[in-house]
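Reproduced below: my_file14.cif, with mmCIF, C-alpha atoms.
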data_my_file
loop_
_atom_site.label_atom_id
_atom_site.label_comp_id
_atom_site.auth_asym_id
_atom_site.auth_seq_id
_atom_site.Cartn_x
_atom_site.Cartn_y
_atom_site.Cartn_z
CA MET H 209 119.24 96.47 -72.75
CA GLU H 210 115.73 97.88 -72.58
CA ARG H 211 113.61 96.94 -75.55
CA ARG H 212 111.12 99.43 -76.90
CA PRO H 213 108.09 98.05 -78.67
CA ALA H 214 107.70 98.63 -82.36
CA VAL H 215 105.37 101.52 -83.14
CA ARG H 216 102.61 100.52 -85.49
CA MET H 217 101.25 103.08 -87.93
CA ALA H 218 98.51 102.31 -90.43
CA GLY H 219 98.26 104.17 -93.71
CA ARG H 220 95.29 106.49 -93.96
CA GLY H 221 92.14 104.97 -95.30
CA ARG H 222 91.16 101.32 -95.39
CA PRO H 223 93.73 99.02 -97.00
CA ALA H 224 92.28 97.00 -99.84
CA ALA H 225 91.45 93.43 -98.92
CA PRO H 226 94.05 91.08 -100.43
CA ALA H 227 92.66 88.76 -103.07
CA ARG H 228 95.34 86.13 -102.44
CA GLY H 229 94.83 85.90 -98.66
CA ALA H 230 98.51 86.47 -97.94
CA ARG H 231 100.68 89.29 -96.65
CA VAL H 232 104.22 90.28 -97.53
CA MET H 233 106.52 92.40 -95.35
CA LEU H 234 109.17 94.68 -96.79
CA PHE H 235 112.11 96.36 -95.02
CA PRO H 236 114.10 98.96 -97.01
CA LEU H 237 117.41 100.60 -96.15
CA PRO H 238 116.47 104.18 -95.08
CA PHE H 239 117.93 106.05 -98.06
CA GLN H 240 116.03 107.41 -101.04
CA GLY H 241 117.70 105.19 -103.64
CA HIS H 242 116.75 102.10 -101.64
CA ILE H 243 113.32 103.14 -100.34
CA SER H 244 111.95 104.03 -103.78
CA PRO H 245 112.43 100.65 -105.50
CA MET H 246 111.24 98.80 -102.39
CA LEU H 247 107.97 100.75 -102.29
CA GLN H 248 107.58 100.37 -106.04
CA LEU H 249 107.96 96.61 -105.66
CA ALA H 250 105.42 96.70 -102.84
CA GLY H 251 102.98 98.42 -105.18
CA ALA H 252 103.44 95.77 -107.86
CA LEU H 253 102.82 92.95 -105.38
CA HIS H 254 99.80 94.70 -103.88
CA ALA H 255 98.33 95.15 -107.36
CA ARG H 256 98.53 91.37 -107.75
CA GLY H 257 96.55 90.76 -104.58
CA LEU H 258 99.02 90.69 -101.68
CA ALA H 259 98.52 92.72 -98.51
CA VAL H 260 101.60 94.83 -97.78
CA THR H 261 103.29 95.77 -94.50
CA VAL H 262 106.32 98.06 -94.64
CA LEU H 263 108.78 98.00 -91.75
CA HIS H 264 110.96 101.08 -91.52
CA MET H 265 113.24 103.06 -89.25
CA ALA H 266 112.41 106.46 -87.81
CA PHE H 267 115.22 107.97 -89.88
CA ASN H 268 114.00 108.90 -93.38
CA ALA H 269 110.64 107.31 -92.65
CA PRO H 270 108.23 107.10 -95.59
CA ASP H 271 104.93 108.96 -95.30
CA PRO H 272 102.04 106.50 -94.73
CA ALA H 273 99.59 109.06 -96.10
CA ARG H 274 101.08 108.57 -99.56
CA HIS H 275 100.45 104.83 -99.42
CA PRO H 276 97.00 104.32 -97.87
CA ALA H 277 96.81 100.69 -99.00
CA PHE H 278 99.92 99.71 -97.03
CA THR H 279 100.41 99.16 -93.31
CA PHE H 280 103.52 100.77 -91.80
CA VAL H 281 105.45 99.62 -88.74
CA ALA H 282 108.24 101.79 -87.32
CA VAL H 283 111.19 99.95 -85.76
CA PRO H 284 113.72 101.91 -83.63
CA ASP H 285 117.20 101.37 -85.07
CA ALA H 286 119.08 101.79 -81.73
CA ILE H 287 122.18 103.01 -83.55
CA PRO H 288 124.59 105.02 -81.30
CA GLU H 289 124.44 108.78 -81.90
CA ALA H 290 128.22 109.00 -82.40
CA VAL H 291 128.04 106.47 -85.23
CA ALA H 292 124.99 108.10 -86.77
CA ALA H 293 126.89 111.39 -86.98
CA THR H 294 129.88 109.96 -88.87
CA ALA H 295 130.33 110.65 -92.58
CA ASP H 296 131.56 107.09 -93.22
CA GLY H 297 128.55 105.48 -94.86
CA LEU H 298 130.00 101.96 -94.82
CA ALA H 299 130.80 102.18 -91.10
CA GLN H 300 127.27 103.46 -90.51
CA LEU H 301 125.82 100.51 -92.38
CA LEU H 302 127.74 97.96 -90.32
CA ALA H 303 126.90 99.78 -87.08
CA LEU H 304 123.23 99.87 -88.04
CA ASN H 305 123.19 96.11 -88.56
CA ALA H 306 125.08 95.50 -85.32
CA ALA H 307 122.69 97.74 -83.34
CA MET H 308 119.57 96.10 -84.78
CA GLU H 309 120.91 92.62 -84.07
CA ALA H 310 122.03 93.45 -80.52
CA SER H 311 118.81 95.22 -79.52
CA GLY H 312 116.46 92.55 -80.82
CA LEU H 313 114.01 95.26 -81.88
CA VAL H 314 113.63 93.92 -85.41
CA ARG H 315 113.03 90.42 -84.12
CA ASP H 316 110.40 91.74 -81.70
CA ALA H 317 108.58 93.55 -84.51
CA LEU H 318 108.62 90.47 -86.75
CA ALA H 319 107.46 88.20 -83.92
CA SER H 320 104.57 90.55 -83.15
CA LEU H 321 103.43 90.57 -86.76
CA LEU H 322 103.72 86.79 -87.04
CA ALA H 323 101.52 86.42 -83.95
CA ASP H 324 98.82 88.78 -85.28
CA GLU H 325 95.99 86.40 -86.08
CA GLY H 326 93.80 89.21 -87.36
CA GLU H 327 95.97 89.74 -90.43
CA PRO H 328 96.29 87.60 -93.57
CA ARG H 329 98.94 84.88 -93.49
CA LEU H 330 102.45 86.35 -93.48
CA ALA H 331 104.16 84.68 -96.45
CA CYS H 332 107.62 86.21 -96.36
CA LEU H 333 109.87 89.19 -95.72
CA ILE H 334 111.56 91.12 -98.55
CA PHE H 335 114.58 93.03 -97.28
CA ASP H 336 117.32 95.24 -98.68
CA SER H 337 120.52 93.36 -99.51
CA THR H 338 122.50 95.50 -97.03
CA LEU H 339 120.34 94.63 -94.01
CA ALA H 340 121.87 91.37 -92.80
CA ALA H 341 120.44 91.86 -89.29
CA VAL H 342 116.90 91.87 -90.69
CA HIS H 343 117.57 88.62 -92.53
CA LYS H 344 118.99 87.00 -89.39
CA ALA H 345 115.97 88.04 -87.35
CA ALA H 346 113.60 86.53 -89.92
CA ALA H 347 115.61 83.31 -90.12
CA GLY H 348 115.52 82.96 -86.35
CA LEU H 349 111.73 83.04 -86.46
CA GLY H 350 111.45 80.64 -89.39
CA LEU H 351 110.13 83.39 -91.69
CA PRO H 352 111.18 82.98 -95.35
CA SER H 353 113.07 85.98 -96.69
CA LEU H 354 113.76 87.35 -100.16
CA VAL H 355 116.55 89.83 -100.87
CA LEU H 356 116.11 92.91 -103.08
CA HIS H 357 119.19 94.25 -104.88
CA THR H 358 118.66 97.90 -105.78
CA SER H 359 121.98 97.99 -107.63
CA SER H 360 122.61 96.41 -111.03
CA ALA H 361 123.13 92.75 -111.79
CA ALA H 362 126.59 93.74 -113.03
CA CYS H 363 127.42 95.17 -109.62
CA PHE H 364 126.38 92.00 -107.82
CA ARG H 365 128.33 89.89 -110.29
CA MET H 366 131.40 92.03 -109.56
CA VAL H 367 130.97 91.66 -105.80
CA GLY H 368 130.54 87.91 -106.16
CA SER H 369 133.80 87.72 -108.10
CA TYR H 370 135.98 89.25 -105.38
CA ASP H 371 137.93 86.06 -104.64
CA MET H 372 138.66 85.58 -108.34
CA LEU H 373 139.83 89.19 -108.65
CA LEU H 374 142.27 88.63 -105.80
CA ASP H 375 143.50 85.30 -107.17
CA LYS H 376 144.07 86.76 -110.65
CA GLY H 377 146.00 89.73 -109.26
CA TYR H 378 143.54 92.44 -110.32
CA LEU H 379 143.17 93.44 -106.67
CA PRO H 380 144.47 95.19 -104.74
CA ALA H 381 144.58 97.83 -107.46
CA THR H 382 147.76 99.78 -108.22
CA GLU H 383 148.39 102.94 -110.21
CA SER H 384 149.91 100.82 -112.98
CA ASN H 385 146.92 98.52 -113.54
CA LEU H 386 143.91 100.86 -113.23
CA ASP H 387 143.26 100.74 -116.98
CA MET H 388 143.65 96.95 -117.21
CA PRO H 389 140.58 95.26 -118.71
CA ILE H 390 139.12 92.43 -116.64
CA LYS H 391 138.61 89.75 -119.27
CA GLU H 392 136.45 87.69 -116.92
CA LEU H 393 134.07 90.62 -116.31
CA PRO H 394 133.79 92.64 -119.51
CA PRO H 395 133.63 95.62 -119.95
CA LEU H 396 135.02 96.42 -116.49
CA GLN H 397 138.49 97.77 -115.83
CA VAL H 398 140.38 97.61 -112.56
CA ARG H 399 139.46 101.24 -111.80
CA ASP H 400 135.77 100.24 -111.79
CA LEU H 401 136.13 97.73 -108.95
CA PHE H 402 135.19 98.03 -105.30
CA ASP H 403 138.61 97.74 -103.64
CA PRO H 404 138.54 97.30 -99.84
CA SER H 405 142.28 98.01 -99.63
CA LYS H 406 141.65 101.63 -100.68
CA LEU H 407 139.20 102.29 -97.84
CA PRO H 408 140.19 103.76 -94.44
CA SER H 409 139.45 100.30 -93.04
CA LYS H 410 140.04 97.26 -95.25
CA GLU H 411 138.19 95.17 -92.66
CA ILE H 412 135.03 97.24 -93.08
CA GLY H 413 135.22 96.89 -96.85
CA GLN H 414 135.59 93.13 -96.60
CA LYS H 415 132.60 92.90 -94.26
CA ILE H 416 130.47 94.87 -96.74
CA LEU H 417 131.39 92.42 -99.51
CA ASN H 418 130.61 89.43 -97.32
CA LEU H 419 127.31 90.98 -96.28
CA ALA H 420 126.11 91.36 -99.89
CA ILE H 421 126.94 87.75 -100.74
CA GLU H 422 125.68 86.11 -97.55
CA THR H 423 122.31 87.84 -97.55
CA THR H 424 121.72 86.55 -101.07
CA THR H 425 122.95 82.98 -100.78
CA ASN H 426 121.04 82.47 -97.52
CA SER H 427 117.72 83.81 -98.85
CA SER H 428 114.98 81.92 -100.63
CA SER H 429 115.34 84.09 -103.75
CA ALA H 430 116.97 87.22 -105.14
CA ILE H 431 115.16 90.14 -106.77
CA PHE H 432 116.97 92.57 -109.09
CA ASN H 433 115.85 96.01 -110.26
CA THR H 434 116.90 95.36 -113.85
CA PHE H 435 115.48 93.62 -116.91
CA GLU H 436 116.54 90.72 -119.08
CA ALA H 437 117.31 92.67 -122.26
CA LEU H 438 119.57 95.13 -120.43
CA GLU H 439 121.83 92.68 -118.57
CA PRO H 440 121.32 89.23 -120.14
CA ASP H 441 124.86 87.92 -119.65
CA GLU H 442 125.11 89.22 -116.10
CA LEU H 443 121.82 87.64 -115.08
CA GLU H 444 122.81 84.34 -116.66
CA MET H 445 126.10 84.29 -114.73
CA ILE H 446 124.34 85.15 -111.47
CA ARG H 447 121.79 82.38 -111.97
CA ASP H 448 124.58 79.92 -112.70
CA GLN H 449 126.27 80.96 -109.44
CA LEU H 450 123.06 80.69 -107.43
CA VAL H 451 122.37 77.20 -108.77
CA HIS H 452 125.38 76.07 -106.76
CA ASN H 453 123.86 77.65 -103.63
CA GLY H 454 120.70 75.62 -103.38
CA GLY H 455 119.09 76.64 -106.65
CA ILE H 456 118.00 80.10 -105.49
CA PRO H 457 115.84 81.75 -108.19
CA ALA H 458 116.67 85.26 -109.42
CA PHE H 459 113.89 87.56 -110.64
CA ALA H 460 114.63 90.55 -112.91
CA VAL H 461 111.57 92.74 -112.29
CA GLY H 462 112.78 96.21 -113.33
CA PRO H 463 112.64 98.97 -114.08
CA LEU H 464 110.55 99.20 -110.93
CA HIS H 465 109.83 102.91 -111.33
CA LYS H 466 107.69 102.07 -114.38
CA LEU H 467 106.27 98.77 -113.23
CA MET H 468 103.37 100.57 -111.59
CA SER H 469 101.07 103.14 -113.17
CA SER H 470 101.52 106.74 -112.05
CA LYS H 471 98.43 106.39 -109.85
CA GLY H 472 99.23 102.97 -108.45
CA ASP H 473 100.22 102.14 -104.87
CA GLY H 474 103.95 102.67 -104.48
CA ALA H 475 104.13 105.17 -107.35
CA GLU H 476 104.93 108.19 -105.13
CA THR H 477 108.11 107.27 -103.25
CA SER H 478 110.01 110.51 -102.67
CA LEU H 479 110.92 111.32 -99.07
CA LEU H 480 110.56 115.02 -99.87
CA ASN H 481 107.74 117.12 -101.23
CA GLN H 482 108.20 117.39 -104.99
CA ASP H 483 109.03 120.85 -106.35
CA ARG H 484 107.49 120.93 -109.80
CA GLY H 485 108.27 124.58 -110.42
CA CYS H 486 110.78 123.64 -113.12
CA ILE H 487 108.12 122.08 -115.36
CA GLU H 488 106.91 125.41 -116.73
CA TRP H 489 110.52 126.37 -117.58
CA LEU H 490 111.17 122.97 -119.17
CA ASP H 491 108.13 123.39 -121.38
CA THR H 492 109.78 126.46 -122.94
CA GLN H 493 112.95 124.57 -123.94
CA ALA H 494 113.55 122.73 -127.20
CA PRO H 495 113.06 118.93 -127.01
CA GLY H 496 116.23 117.07 -126.03
CA SER H 497 118.16 120.27 -125.24
CA VAL H 498 118.28 120.33 -121.41
CA LEU H 499 120.91 118.71 -119.19
CA TYR H 500 119.85 117.14 -115.90
CA ALA H 501 122.62 116.93 -113.29
CA SER H 502 122.05 114.27 -110.62
CA PHE H 503 124.51 113.07 -107.98
CA GLY H 504 122.21 110.74 -106.05
CA SER H 505 120.91 111.14 -102.52
CA VAL H 506 123.91 110.17 -100.38
CA VAL H 507 127.09 110.70 -102.41
CA HIS H 508 129.48 113.36 -101.13
CA VAL H 509 131.02 115.52 -103.87
CA THR H 510 134.09 117.58 -103.01
CA ARG H 511 133.92 121.37 -103.25
CA ASP H 512 136.51 121.38 -106.05
CA GLU H 513 134.67 118.75 -108.11
CA MET H 514 131.38 120.55 -107.65
CA ALA H 515 132.96 123.80 -108.86
CA GLU H 516 134.48 122.14 -111.94
CA MET H 517 131.19 120.44 -112.77
CA ALA H 518 129.23 123.67 -112.31
CA TRP H 519 131.58 125.71 -114.50
CA GLY H 520 131.62 122.99 -117.14
CA LEU H 521 127.83 123.05 -117.23
CA ALA H 522 127.71 126.83 -117.38
CA ASN H 523 130.42 127.14 -120.03
CA SER H 524 128.74 124.58 -122.28
CA GLY H 525 126.06 127.13 -123.07
CA LYS H 526 123.38 124.44 -122.69
CA PRO H 527 120.36 124.83 -120.39
CA PHE H 528 120.49 122.54 -117.37
CA LEU H 529 118.79 121.54 -114.14
CA CYS H 530 120.96 121.24 -111.06
CA GLY H 531 126.82 110.76 -110.56
CA ASP H 532 125.30 107.78 -111.61
CA GLY H 533 122.69 106.63 -109.18
CA ARG H 534 121.19 103.29 -110.16
CA ASN H 535 117.65 104.67 -110.22
CA SER H 536 118.64 107.66 -112.39
CA THR H 537 120.37 105.34 -114.85
CA LEU H 538 117.33 103.10 -115.26
CA GLU H 539 115.09 106.14 -115.65
CA SER H 540 117.35 107.55 -118.39
CA ILE H 541 117.52 104.23 -120.23
CA TYR H 542 113.75 103.83 -120.10
CA GLU H 543 113.19 107.32 -121.52
CA GLY H 544 115.94 106.99 -124.16
CA VAL H 545 118.05 109.81 -122.69
CA PRO H 546 121.88 109.74 -123.16
CA MET H 547 124.16 110.25 -120.15
CA LEU H 548 127.37 112.01 -119.17
CA SER H 549 128.63 109.72 -116.42
CA ARG H 550 130.80 110.70 -113.44
CA PRO H 551 130.84 107.70 -111.08
CA ILE H 552 131.99 108.48 -107.56
CA PHE H 553 131.46 105.44 -105.36
CA GLY H 554 130.05 101.95 -105.01
CA ASP H 555 127.78 100.64 -107.75
CA GLN H 556 128.24 103.89 -109.69
CA LEU H 557 131.68 102.66 -110.81
CA PRO H 558 130.61 99.61 -112.84
CA THR H 559 127.43 101.39 -113.94
CA GLY H 560 129.43 104.21 -115.51
CA ARG H 561 131.54 101.72 -117.45
CA TYR H 562 128.44 99.96 -118.77
CA VAL H 563 126.88 103.27 -119.83
CA GLN H 564 129.87 104.06 -122.05
CA ASP H 565 131.30 100.71 -123.18
CA THR H 566 128.43 98.20 -123.19
CA TRP H 567 125.20 100.10 -123.68
CA LYS H 568 127.06 102.91 -125.51
CA ILE H 569 124.52 105.51 -124.46
CA GLY H 570 126.82 108.00 -122.77
CA ILE H 571 130.29 109.36 -122.11
CA LEU H 572 132.33 108.47 -119.03
CA LEU H 573 134.19 111.26 -117.21
CA GLU H 574 137.32 109.69 -115.72
CA GLY H 575 140.35 110.94 -113.82
CA VAL H 576 140.68 114.42 -112.37
CA LEU H 577 137.54 116.39 -113.13
CA GLU H 578 138.20 119.62 -115.04
CA ARG H 579 135.67 122.13 -116.29
CA GLU H 580 137.14 122.12 -119.80
CA GLU H 581 136.61 118.36 -120.08
CA VAL H 582 133.06 118.64 -118.75
CA GLU H 583 132.26 121.37 -121.27
CA LYS H 584 133.83 119.41 -124.15
CA ASP H 585 131.95 116.20 -123.35
CA ILE H 586 128.64 118.01 -122.95
CA LYS H 587 129.07 119.47 -126.42
CA ARG H 588 130.03 116.01 -127.74
CA LEU H 589 126.92 114.49 -126.21
CA LEU H 590 124.50 117.15 -127.44
CA GLY H 591 126.27 117.97 -130.69
CA GLU H 592 126.48 116.40 -134.14
CA ASP H 593 128.26 113.22 -135.27
CA GLU H 594 129.14 111.30 -132.09
CA GLY H 595 126.29 112.88 -130.13
CA VAL H 596 123.78 111.87 -132.79
CA GLU H 597 125.04 108.27 -132.66
CA ILE H 598 124.85 108.13 -128.86
CA ARG H 599 121.37 109.60 -128.79
CA GLY H 600 120.33 107.15 -131.49
CA ARG H 601 121.54 104.19 -129.43
CA ALA H 602 119.71 105.59 -126.40
CA LYS H 603 116.52 105.56 -128.45
CA VAL H 604 117.18 101.93 -129.38
CA LEU H 605 117.45 101.03 -125.70
CA GLU H 606 114.24 102.94 -125.10
CA LYS H 607 112.48 100.24 -127.13
CA MET H 608 113.39 97.80 -124.39
CA ARG H 609 110.41 99.18 -122.48
CA MET H 610 108.48 96.32 -124.07
CA CYS H 611 109.67 94.33 -121.04
CA LEU H 612 106.86 96.06 -119.14
CA GLU H 613 104.12 95.06 -121.56
CA SER H 614 101.67 92.43 -120.36
CA SER H 615 103.73 89.62 -121.91
CA GLY H 616 107.09 91.30 -121.33
CA SER H 617 109.94 89.74 -119.36
CA SER H 618 109.55 91.93 -116.27
CA GLN H 619 105.81 91.37 -115.97
CA ARG H 620 106.38 87.63 -116.34
CA ALA H 621 109.11 87.84 -113.69
CA VAL H 622 106.73 89.50 -111.22
CA ASP H 623 104.14 86.80 -111.93
CA LYS H 624 106.76 84.12 -111.19
CA LEU H 625 107.81 86.02 -108.08
CA MET H 626 104.19 86.00 -106.92
CA ASP H 627 103.97 82.24 -107.46
CA HIS H 628 107.20 81.81 -105.50
CA ILE H 629 105.95 83.93 -102.60
CA LEU H 630 102.64 82.07 -102.39
CA SER H 631 104.49 78.75 -102.37
CA LEU H 632 106.52 79.64 -99.26
#
Same coordinates, now as structure tokens:
Amino acid sequence: MERRPAVRMAGRGRPAAPARGARVMLFPLPFQGHISPMLQLAGALHARGLAVTVLHMAFNAPDPARHPAFTFVAVPDAIPEAVAATADGLAQLLALNAAMEASGLVRDALASLLADEGEPRLACLIFDSTLAAVHKAAAGLGLPSLVLHTSSAACFRMVGSYDMLLDKGYLPATESNLDMPIKELPPLQVRDLFDPSKLPSKEIGQKILNLAIETTTNSSSAIFNTFEALEPDELEMIRDQLVHNGGIPAFAVGPLHKLMSSKGDGAETSLLNQDRGCIEWLDTQAPGSVLYASFGSVVHVTRDEMAEMAWGLANSGKPFLCGDGRNSTLESIYEGVPMLSRPIFGDQLPTGRYVQDTWKIGILLEGVLEREEVEKDIKRLLGEDEGVEIRGRAKVLEKMRMCLESSGSSQRAVDKLMDHILSL
């Protein structure tokens, strides 16, 4: 197979000279919910003195002009067009990894950067937890790698418990046990689990589970976009599990979207030009009165569900801007905003359960979606009594932003992460 060289692109302007004399490479999955936290982490590391190189695919490529302090390297993904056109996201993910591994393009790009004597010492590679091929390429070159989990600690704990869930009979799920609480993983119910048996291909689902675990246990450390006060039990369980896999450290450095100042490197991470035309309209609304509907960047919503959601919003009589993406959840928690949760897929399922039953800052829409239920729950959330209690708890969680203060848990975690990187 013909190998095309990686295309190197430098951000505009002169990158700031690293104070620590070391460089870190980062490789995100090319979707908005994965690119944003990776670039935000890059900004935090650069602010502490590391030079930053971002490897990326041509698909959904970030704009170097928005990050002049970073160096960007484009790596062709070599994924077959037929696979790229499919709507099966899990199949796409596996095909992407297979194509990158078979082509050797990622390995070539890493080898080229390792051989570049004009750059600061390359300390490590930070990669998205779904990109096993990137991890394998780094391992083959002797380059230390760190894995970034853009989903919650609760989601990773669930994935790591798959064998237990099978042994205890929770999985495969049946219609009769969907509401069964999982006592080993509170507050989750069976309906909140990732169940490979319910996918078009059980084999693909199993491979996805294995991928998430293997990339973590074979890395030098794991990074989570969460914070200690939000998921203390989950992080403790994960650390206990990782101790048995070579003592891999786990760093809770979130929420990454607030780790950097609004003007810092990595602060602007959207793949699209921002439309701020709604701000003037928002300024005319009463505080805490507007609903924001967000379904994430890749989730497919059926026509019927979209219609029911739209009519429920309209019939509520509340102003709104038109899921449970992990980034949206962290943003809401940080700002003290309550949520109406409609999980659809993947990490949205356990996140929705936590929003309602653990953090108690929202209402979970379950079962068949109907406009009457949407309207009723919107009024519950924004009304008196229960709504006041939920909004009050959301404000309590908002106080957890102290984790980002200079002595807060997340800032300390980034400092420890820096020490770990420089020790590699």
Counting only C-alpha atoms, the residue of H:Glu309, H:Glu578, H:Asp623, H:Asp555 that sits nearest Ala515 of chain H:
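Closest to Ala515 of chain H of all the choices is H:Glu578.
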Show which residues sit within 7 Å of segment 423-428 of chain H, as a list of chain:residue names. Count only C-alpha atoms, and ignore same-chain residues fewer than 3 positions away.
H:Ser337, H:Ala340, H:His343, H:Pro352, H:Ser353, H:Leu354, H:Val355, H:Leu419, H:Ala420, H:Asn453, H:Ile456
Close residues, Arg365 of chain H itself excluded, 10 Å, all atoms listed in the file, min 4 positions apart in chain, as JSON, numbers by chain:
{"H": [360, 361, 369, 370, 393, 421, 442, 443, 445, 446, 449]}
In terms of the shortest atom-to-atom distance over all atoms listed in the file, which of H:Leu301, H:Ala310, H:Ser617, H:Leu330 is closest to Leu258 of chain H?
H:Leu330
Got a sec: who's within 12 Å of Pro495 of chain H, counting only C-alpha atoms, leaving out chain neighbours fewer than 6 positions off, as JSON, numbers by chain?
{"H": [527, 545, 590]}
Shortest interatomic distance to Lys415 of chain H - which of H:Leu333, H:Ala381, H:Leu249, H:Leu298, counting all atoms listed in the file
H:Leu298
Please indicate the distance in Å from atom CA of Asp593 of chain H to atom CA of Pro395 of chain H, rounded to one decimal place.
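These atoms are spaced 23.9 Å apart.
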Could you tell me which of H:Val342, H:Ala299, H:Leu373, H:Ile541 comes closest to Gln397 of chain H if we count only C-alpha atoms?
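Answer, going by the shortest atom-to-atom distance: H:Leu373.
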Result set of the PyMOL selection byres ((chain H and resi 332) around 10) on the coordinates above, as a compact mmCIF listing (two decimals) with C-alpha atoms, keeping the file's coordinate frame:
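Final output, saved to result.txt:
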# COMPACT_ATOMS: atom_id res chain seq x y z
CA ALA H 230 98.51 86.47 -97.94
CA ARG H 231 100.68 89.29 -96.65
CA VAL H 232 104.22 90.28 -97.53
CA MET H 233 106.52 92.40 -95.35
CA LEU H 234 109.17 94.68 -96.79
CA ARG H 329 98.94 84.88 -93.49
CA LEU H 330 102.45 86.35 -93.48
CA ALA H 331 104.16 84.68 -96.45
CA LEU H 333 109.87 89.19 -95.72
CA ILE H 334 111.56 91.12 -98.55
CA PHE H 335 114.58 93.03 -97.28
CA ALA H 346 113.60 86.53 -89.92
CA GLY H 350 111.45 80.64 -89.39
CA LEU H 351 110.13 83.39 -91.69
CA PRO H 352 111.18 82.98 -95.35
CA SER H 353 113.07 85.98 -96.69
CA LEU H 354 113.76 87.35 -100.16
CA SER H 428 114.98 81.92 -100.63
CA ILE H 629 105.95 83.93 -102.60
CA LEU H 630 102.64 82.07 -102.39
CA LEU H 632 106.52 79.64 -99.26
Long-range neighbours of Glu539 of chain H as a list in words, 8 Å cut-off, all atoms listed in the file, 3 positions minimum in chain
Pro463, His465, Asn535, Ser536, Tyr542 and Glu543 of chain H
Using only C-alpha atoms for the distances, tell me which of H:Asp285, H:Glu606, H:Asp336, H:Asp585 is nearest to Ile431 of chain H.
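Of the candidates, the smallest distance to Ile431 of chain H is held by H:Asp336.
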Could you pull the residues within 9 Å of segment 518-522 of chain H, counting all atoms listed in the file, minus those fewer than 6 positions along the same chain, as a ChimeraX atom specification?
/H:499,501,528,530,578-584,586
H:Asp441, H:Glu325, H:Glu597, H:Asp491: which is nearest Lys568 of chain H, counting all atoms listed in the file?
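The closest residue to Lys568 of chain H is H:Glu597.
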